[in-house]
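A.B. asks: The file below is final.txt, compact mmCIF, C-alpha atoms and all ligand atoms:
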# COMPACT_ATOMS: atom_id res chain seq x y z
CA MET S 1 -2.31 13.03 -28.91
CA ASP S 2 -3.04 9.51 -27.70
CA ARG S 3 -2.77 10.01 -23.97
CA THR S 4 -2.11 12.62 -21.33
CA ASP S 5 1.04 12.49 -19.27
CA TYR S 6 -0.19 13.08 -15.76
CA SER S 7 1.77 15.64 -13.81
CA GLN S 8 3.06 14.79 -10.34
CA VAL S 9 1.02 17.67 -8.91
CA LEU S 10 -2.27 16.30 -10.30
CA VAL S 11 -1.52 12.76 -9.14
CA ASP S 12 -0.54 14.06 -5.67
CA PHE S 13 -4.12 15.27 -5.08
CA TRP S 14 -5.97 12.74 -7.30
CA ASP S 15 -7.20 10.76 -4.28
CA GLU S 16 -8.64 13.94 -2.77
CA TYR S 17 -10.22 14.73 -6.15
CA ILE S 18 -11.94 11.31 -6.09
CA ASP S 19 -12.70 10.93 -2.35
CA TRP S 20 -12.67 7.10 -2.32
CA ASN S 21 -15.56 6.70 0.16
CA LYS S 22 -17.78 9.12 -1.69
CA ARG S 23 -17.09 7.42 -5.03
CA ARG S 24 -18.43 4.21 -3.49
CA GLU S 25 -21.43 6.02 -1.97
CA GLY S 26 -22.25 7.64 -5.33
CA GLU S 27 -22.19 4.39 -7.30
CA ASN S 28 -24.22 2.62 -4.61
CA GLY S 29 -23.05 -0.92 -5.46
CA PHE S 30 -23.31 -0.44 -9.26
CA LEU S 31 -19.86 -1.88 -10.03
CA VAL S 32 -19.93 -5.03 -7.93
CA ASN S 33 -23.61 -5.71 -8.66
CA THR S 34 -23.05 -5.39 -12.42
CA LEU S 35 -20.00 -7.67 -12.28
CA LYS S 36 -21.80 -10.29 -10.19
CA GLU S 37 -24.99 -10.21 -12.28
CA ASN S 38 -22.87 -10.96 -15.34
CA GLY S 39 -20.90 -13.76 -13.71
CA CYS S 40 -17.58 -11.87 -13.85
CA ARG S 41 -14.59 -12.92 -11.77
CA LYS S 42 -11.51 -12.04 -13.86
CA ILE S 43 -11.43 -8.28 -14.28
CA LEU S 44 -9.12 -5.96 -16.18
CA ASP S 45 -9.11 -2.44 -14.73
CA ALA S 46 -7.77 -0.75 -17.86
CA SER S 47 -7.07 2.57 -16.16
CA LEU S 48 -5.79 1.92 -12.66
CA GLY S 49 -5.08 5.57 -11.79
CA THR S 50 -4.29 5.71 -8.08
CA GLY S 51 -6.01 2.36 -7.48
CA CYS S 52 -9.41 3.34 -6.10
CA ASP S 53 -11.47 0.82 -8.10
CA SER S 54 -8.84 -1.96 -8.39
CA ILE S 55 -8.17 -1.98 -4.64
CA TYR S 56 -11.90 -2.02 -3.88
CA LEU S 57 -12.50 -4.95 -6.26
CA LEU S 58 -9.51 -6.88 -4.86
CA LYS S 59 -10.97 -6.46 -1.38
CA GLN S 60 -14.30 -7.75 -2.69
CA GLY S 61 -12.53 -10.94 -3.81
CA PHE S 62 -12.30 -10.39 -7.59
CA ASP S 63 -9.26 -11.51 -9.59
CA VAL S 64 -8.07 -8.12 -10.87
CA THR S 65 -5.36 -7.17 -13.35
CA SER S 66 -4.64 -3.46 -13.29
CA ASN S 67 -3.22 -1.59 -16.25
CA GLU S 68 -1.58 1.81 -15.90
CA ILE S 69 0.58 3.30 -18.63
CA ASP S 70 1.49 6.43 -16.67
CA ALA S 71 4.46 5.91 -14.36
CA VAL S 72 3.41 8.63 -11.88
CA PHE S 73 -0.06 7.11 -11.44
CA ALA S 74 1.37 3.57 -11.21
CA ARG S 75 3.77 4.56 -8.42
CA LYS S 76 0.98 6.18 -6.41
CA ALA S 77 -1.30 3.13 -6.89
CA LEU S 78 1.42 0.80 -5.60
CA GLU S 79 1.86 3.02 -2.53
CA ASN S 80 -1.91 2.97 -1.93
CA ALA S 81 -2.04 -0.82 -2.35
CA ALA S 82 0.75 -1.24 0.20
CA LYS S 83 -1.18 0.95 2.68
CA GLU S 84 -4.33 -1.11 2.10
CA ALA S 85 -2.38 -4.39 2.31
CA VAL S 86 -3.45 -5.70 -1.09
CA HIS S 87 -1.32 -6.83 -4.02
CA ILE S 88 -1.90 -5.20 -7.40
CA LYS S 89 -1.14 -7.25 -10.53
CA LEU S 90 0.24 -4.36 -12.57
CA THR S 91 0.73 -4.04 -16.32
CA GLY S 92 1.72 -0.91 -18.22
CA TYR S 93 0.38 -1.31 -21.75
CA ASP S 94 -1.08 1.12 -24.20
CA TRP S 95 -4.74 0.17 -24.66
CA ARG S 96 -4.18 -0.39 -28.37
CA GLU S 97 -1.76 -3.25 -27.73
CA LEU S 98 -3.79 -5.04 -25.07
CA ASP S 99 -4.87 -7.81 -27.46
CA GLU S 100 -1.23 -8.43 -28.42
CA LYS S 101 -0.24 -8.68 -24.75
CA PHE S 102 -3.16 -10.71 -23.39
CA GLY S 103 -4.68 -13.79 -24.99
CA ARG S 104 -8.18 -13.80 -26.43
CA ALA S 105 -10.90 -14.33 -23.85
CA SER S 106 -8.56 -13.49 -20.95
CA PHE S 107 -11.14 -11.50 -18.97
CA ASP S 108 -14.80 -11.64 -17.92
CA ALA S 109 -14.99 -7.86 -17.66
CA ILE S 110 -13.03 -4.72 -18.46
CA ILE S 111 -13.65 -1.55 -16.51
CA LEU S 112 -12.60 1.83 -17.87
CA GLN S 113 -13.84 4.33 -15.35
CA GLY S 114 -13.24 7.90 -14.29
CA ASN S 115 -13.66 9.40 -17.77
CA SER S 116 -10.67 7.72 -19.39
CA LEU S 117 -11.39 7.01 -23.09
CA THR S 118 -11.69 10.77 -23.56
CA HIS S 119 -7.88 10.85 -23.60
CA LEU S 120 -7.99 9.56 -27.17
CA PHE S 121 -8.67 12.11 -29.88
CA LYS S 122 -8.76 10.19 -33.15
CA LYS S 123 -11.69 7.97 -34.08
CA GLN S 124 -9.30 5.36 -35.48
CA VAL S 125 -7.44 5.17 -32.15
CA GLN S 126 -10.68 5.07 -30.14
CA MET S 127 -11.96 2.22 -32.35
CA ARG S 128 -8.66 0.30 -32.14
CA THR S 129 -8.83 0.56 -28.35
CA LEU S 130 -12.45 -0.63 -28.13
CA SER S 131 -11.65 -3.53 -30.50
CA ALA S 132 -8.64 -4.51 -28.38
CA PHE S 133 -10.90 -4.50 -25.30
CA ARG S 134 -13.44 -6.69 -27.09
CA ASN S 135 -10.74 -9.11 -28.25
CA VAL S 136 -9.48 -9.84 -24.74
CA LEU S 137 -12.99 -10.36 -23.33
CA ARG S 138 -14.54 -13.81 -23.29
CA PRO S 139 -17.77 -14.23 -25.28
CA GLY S 140 -20.53 -12.76 -23.10
CA GLY S 141 -17.96 -10.68 -21.18
CA ILE S 142 -18.72 -7.03 -20.45
CA LEU S 143 -17.14 -3.61 -20.83
CA ILE S 144 -18.07 -1.03 -18.20
CA ILE S 145 -17.09 2.42 -19.44
CA ASP S 146 -18.07 6.00 -18.62
CA GLU S 147 -17.91 9.55 -19.96
CA ARG S 148 -18.46 13.10 -18.72
CA ASN S 149 -21.48 15.22 -19.67
CA TYR S 150 -19.77 16.83 -22.64
CA GLY S 151 -23.11 17.56 -24.36
CA TYR S 152 -23.91 19.97 -21.53
CA MET S 153 -20.44 21.55 -21.61
CA LEU S 154 -20.62 22.18 -25.36
CA ALA S 155 -24.20 23.52 -25.19
CA GLU S 156 -23.58 25.83 -22.22
CA LYS S 157 -20.05 26.92 -23.13
CA GLU S 158 -20.48 30.68 -22.52
CA LYS S 159 -22.18 30.30 -19.14
CA ILE S 160 -19.60 27.76 -17.99
CA LEU S 161 -16.63 29.87 -19.05
CA ASN S 162 -18.22 32.80 -17.21
CA GLY S 163 -18.01 30.81 -13.99
CA ASN S 164 -21.41 29.13 -13.92
CA PHE S 165 -20.52 25.41 -14.08
CA ARG S 166 -23.12 22.88 -12.94
CA TYR S 167 -21.59 19.94 -11.11
CA SER S 168 -23.20 17.92 -8.32
CA GLY S 169 -19.89 16.59 -6.96
CA LYS S 170 -21.69 13.39 -5.88
CA TYR S 171 -20.40 10.97 -8.51
CA VAL S 172 -17.01 9.60 -9.62
CA TYR S 173 -14.99 12.69 -8.64
CA CYS S 174 -16.47 13.78 -5.34
CA GLY S 175 -13.75 15.42 -3.24
CA LYS S 176 -14.59 18.82 -1.77
CA LYS S 177 -10.97 20.02 -1.61
CA VAL S 178 -10.47 19.92 -5.38
CA LYS S 179 -12.47 22.02 -7.84
CA CYS S 180 -12.35 20.90 -11.45
CA VAL S 181 -13.82 23.20 -14.10
CA PRO S 182 -13.57 23.59 -17.87
CA ILE S 183 -11.31 26.49 -18.86
CA GLU S 184 -11.46 25.88 -22.61
CA ILE S 185 -14.41 24.38 -24.48
CA GLY S 186 -14.49 23.50 -28.16
CA PRO S 187 -15.84 20.68 -30.33
CA GLU S 188 -12.40 19.09 -30.71
CA LYS S 189 -10.95 19.65 -27.26
CA ILE S 190 -11.89 20.58 -23.74
CA VAL S 191 -9.39 21.60 -21.10
CA LEU S 192 -10.30 20.83 -17.49
CA LYS S 193 -8.39 22.55 -14.72
CA ALA S 194 -8.30 20.92 -11.29
CA THR S 195 -7.32 23.19 -8.41
CA HIS S 196 -6.69 22.02 -4.85
CA GLU S 197 -7.71 24.33 -2.03
CA ASN S 198 -3.98 24.62 -1.22
CA GLY S 199 -3.55 26.47 -4.54
CA LYS S 200 -1.83 23.70 -6.50
CA ALA S 201 -3.36 22.98 -9.91
CA GLY S 202 -3.12 20.68 -12.92
CA GLN S 203 -4.83 20.42 -16.29
CA MET S 204 -6.20 17.72 -18.58
CA THR S 205 -6.83 18.15 -22.30
CA LEU S 206 -9.66 15.85 -23.37
CA TYR S 207 -11.73 14.89 -26.40
CA PRO S 208 -15.41 15.77 -25.87
CA PHE S 209 -17.61 12.94 -27.14
CA LYS S 210 -20.73 14.36 -28.75
CA ASP S 211 -24.17 13.11 -27.69
CA GLY S 212 -24.51 9.50 -28.80
CA GLU S 213 -20.94 9.30 -30.15
CA LEU S 214 -19.43 6.99 -27.55
CA VAL S 215 -22.33 4.56 -27.63
CA SER S 216 -22.09 4.49 -31.41
CA LEU S 217 -18.34 3.71 -31.26
CA ILE S 218 -18.97 0.92 -28.75
CA ARG S 219 -21.57 -0.55 -31.11
CA GLN S 220 -19.28 -0.19 -34.16
CA ALA S 221 -16.57 -2.09 -32.25
CA GLY S 222 -18.96 -5.06 -32.17
CA PHE S 223 -20.41 -4.85 -28.66
CA GLU S 224 -24.08 -5.68 -28.16
CA ASN S 225 -26.84 -5.10 -25.59
CA ILE S 226 -25.46 -1.72 -24.56
CA GLU S 227 -27.16 -0.50 -21.39
CA GLN S 228 -26.91 3.14 -20.47
CA TYR S 229 -26.87 4.68 -17.02
CA SER S 230 -26.83 8.32 -15.88
CA ASP S 231 -25.00 8.91 -12.62
CA PHE S 232 -25.42 5.13 -12.08
CA LYS S 233 -29.20 5.16 -12.58
CA ASN S 234 -30.71 3.26 -15.47
CA GLY S 235 -31.59 5.39 -18.51
CA HIS S 236 -30.55 8.66 -20.12
CA ASP S 237 -30.82 11.83 -18.02
CA VAL S 238 -29.32 14.95 -19.61
CA GLY S 239 -28.92 16.48 -16.15
CA ALA S 240 -26.37 13.84 -15.09
CA ASP S 241 -22.67 14.56 -14.55
CA PHE S 242 -21.47 11.17 -15.85
CA PHE S 243 -22.87 8.52 -18.16
CA GLN S 244 -22.02 4.83 -17.76
CA TYR S 245 -22.39 2.06 -20.35
CA VAL S 246 -22.40 -1.69 -19.86
CA ALA S 247 -21.75 -3.42 -23.18
CA LYS S 248 -21.61 -7.14 -23.92
CA LYS S 249 -19.30 -9.06 -26.24
C1 LIG J 1 -8.82 10.27 -15.90
S1 LIG J 1 -7.65 9.02 -15.47
C2 LIG J 1 -8.70 7.85 -14.65
C3 LIG J 1 -7.99 6.98 -13.66
C4 LIG J 1 -8.88 6.07 -12.80
N1 LIG J 1 -9.62 5.10 -13.59
C5 LIG J 1 -9.82 6.86 -11.94
O1 LIG J 1 -11.04 6.68 -12.06
O2 LIG J 1 -9.36 7.66 -11.12
C6 LIG J 1 -7.32 8.35 -17.08
C7 LIG J 1 -6.50 7.11 -17.17
O3 LIG J 1 -6.35 6.69 -18.53
C8 LIG J 1 -5.00 6.24 -18.74
N2 LIG J 1 -4.68 6.32 -20.19
C9 LIG J 1 -4.84 7.38 -21.00
N3 LIG J 1 -4.47 7.08 -22.26
C10 LIG J 1 -4.07 5.77 -22.25
C11 LIG J 1 -3.60 4.87 -23.27
N4 LIG J 1 -3.45 5.24 -24.53
N5 LIG J 1 -3.31 3.59 -22.88
C12 LIG J 1 -3.45 3.19 -21.60
N6 LIG J 1 -3.90 4.00 -20.60
C13 LIG J 1 -4.20 5.28 -20.93
C14 LIG J 1 -4.20 7.17 -17.87
O4 LIG J 1 -2.90 6.68 -17.66
C15 LIG J 1 -5.09 7.18 -16.61
O5 LIG J 1 -4.91 6.02 -15.85
If you convert what's in this file into structure tokens, what do you get?
C.D. replies:
Amino acid sequence: MDRTDYSQVLVDFWDEYIDWNKRREGENGFLVNTLKENGCRKILDASLGTGCDSIYLLKQGFDVTSNEIDAVFARKALENAAKEAVHIKLTGYDWRELDEKFGRASFDAIILQGNSLTHLFKKQVQMRTLSAFRNVLRPGGILIIDERNYGYMLAEKEKILNGNFRYSGKYVYCGKKVKCVPIEIGPEKIVLKATHENGKAGQMTLYPFKDGELVSLIRQAGFENIEQYSDFKNGHDVGADFFQYVAKK
């Protein structure tokens, strides 16, 4: 499996799952500060979703290209952009073909946020994707990528499946109306079920990166100076819900 087809029901409540204002509060300027500190202007948002990060960056004056392979997500993002009166430059490529579609050194930064790379299950496909990202970055350009706390989920499987899931709800996916919990946990796949308070629900089947695995893949793909953040704070904190990495070409 190389990607999840998002169901209409999941996309319909994705914005409530995120809570756009709370996502911004949780990251506390991390995204824009990191982009500015690294002199980035041309950005590829490699997983547009419903547009939360692309629309924010457009409003902050960045030159953003937004990639979304899933037609249901893309449609919703275009609706959101129209409401917010911004224009999204939309592409719909598979990550693995990005370096065939864009020239080398096309971007100063690539962002892949909201726990996206986890949609890829095979190491070869994960590596191809990270290499394609690196190829379209200019020298010195950066990749900003994140992952869930899969180490915790794998270690505390029994407790979690018995209904005791630790989640602060303050970062990345912050909406109070949507509860998202693991309903299946194994070393090769984790199934997350998101349920809206109105009873509607959708599922995502994801590859759980083991501790240190994603950072090692990023390094193997040729990135350097990889900085790690835990819930947007510098360093490694096992109690975090999400881990972010900023990696340089
Ligand atoms: C969990 S969603 C995150 C969306 C958005 N970044 C957010 O934070 O809400 C995962 C995203 O990865 C995209 N995706 C998954 N596999 C992909 C692939 N092989 N190529 C391109 N995009 C892919 C999906 O279409 C979706 O946009």
A.B. asks: Give me the residues within 12 Å of S:Gly199 as JSON, numbers by chain, counting only C-alpha atoms and dropping any in the same chain fewer than 2 places off.
C.D. replies: {"S": [9, 10, 13, 177, 178, 179, 193, 194, 195, 196, 197, 201, 202]}
A.B. asks: Tell me which protein, DNA and RNA residues are within 10 Å of stretch 212-220 of chain S, counting all atoms listed in the file, leaving out same-chain ones fewer than 3 positions away, and put them as a count of residues only.
C.D. replies: 26
A.B. asks: Write out as a ChimeraX atom specification each polymer residue (protein, DNA or RNA) that has an atom no more than 8 Å from ligand LIG 1 (chain J), with only C-alpha atoms and all ligand atoms counted.
C.D. replies: /S:2-6,14-15,18,45-53,67-70,73,92-96,112-117,119-120,172-173
A.B. asks: Set the distance at 10 Å and use only C-alpha atoms: which residues neighbour S:Arg166 once local chain neighbours fewer than 5 positions away are removed? I'd like the list as a VMD selection string.
C.D. replies: chain S and resid 152 to 153 156 159 to 160 181 239 to 241
A.B. asks: Atom CA of S:Val238 and atom CA of S:Leu57, how far apart in Å?
C.D. replies: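 Computing it gives 29.3 Å between the two atoms.
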A.B. asks: Emit as AutoDock Vina command-line options the padded axis-aligned box for all listed atoms of stretch 166-179 of chain S, 6 Å per side, with centre and edge lengths in Å to one decimal.
C.D. replies:
--center_x -16.8 --center_y 16.2 --center_z -7.3 --size_x 24.7 --size_y 25.3 --size_z 23.3
A.B. asks: Go through S:Cys180, S:Ser106, S:Asn149, S:Ala221 one by one, measure the shortest atom-to-atom distance of each to S:Thr129 using all atoms listed in the file, and give the residue with the smallest value.
C.D. replies: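 Of S:Cys180, S:Ser106, S:Asn149, S:Ala221, the one nearest S:Thr129, counting all atoms listed in the file, is S:Ala221.
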A.B. asks: At a cut-off of 6 Å, using all atoms listed in the file, what residues contact S:Pro182? Leave out same-chain residues fewer than 2 positions from it and give the result as a ChimeraX atom specification.
C.D. replies: /S:184,191-192
A.B. asks: At a cut-off of 9 Å, using all atoms listed in the file, what residues contact S:Arg41? Leave out same-chain residues fewer than 6 positions from it and give the result as a ChimeraX atom specification.
C.D. replies: /S:35,61-64,107-109
A.B. asks: Take the residues just selected and output them with C-alpha atoms as a short mmCIF file (atom, residue, chain, number, x, y, z; two decimals), in the frame of the given file.
C.D. replies:
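The file below, selection_36.cif, is the result:
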data_model
loop_
_atom_site.label_atom_id
_atom_site.label_comp_id
_atom_site.auth_asym_id
_atom_site.auth_seq_id
_atom_site.Cartn_x
_atom_site.Cartn_y
_atom_site.Cartn_z
CA LEU S 35 -20.00 -7.67 -12.28
CA GLY S 61 -12.53 -10.94 -3.81
CA PHE S 62 -12.30 -10.39 -7.59
CA ASP S 63 -9.26 -11.51 -9.59
CA VAL S 64 -8.07 -8.12 -10.87
CA PHE S 107 -11.14 -11.50 -18.97
CA ASP S 108 -14.80 -11.64 -17.92
CA ALA S 109 -14.99 -7.86 -17.66
#
A.B. asks: If you measure from atom CA of S:Gly169 to atom CA of S:Gln8, what distance in Å do you get, rounded to one decimal?
C.D. replies: 23.3 Å
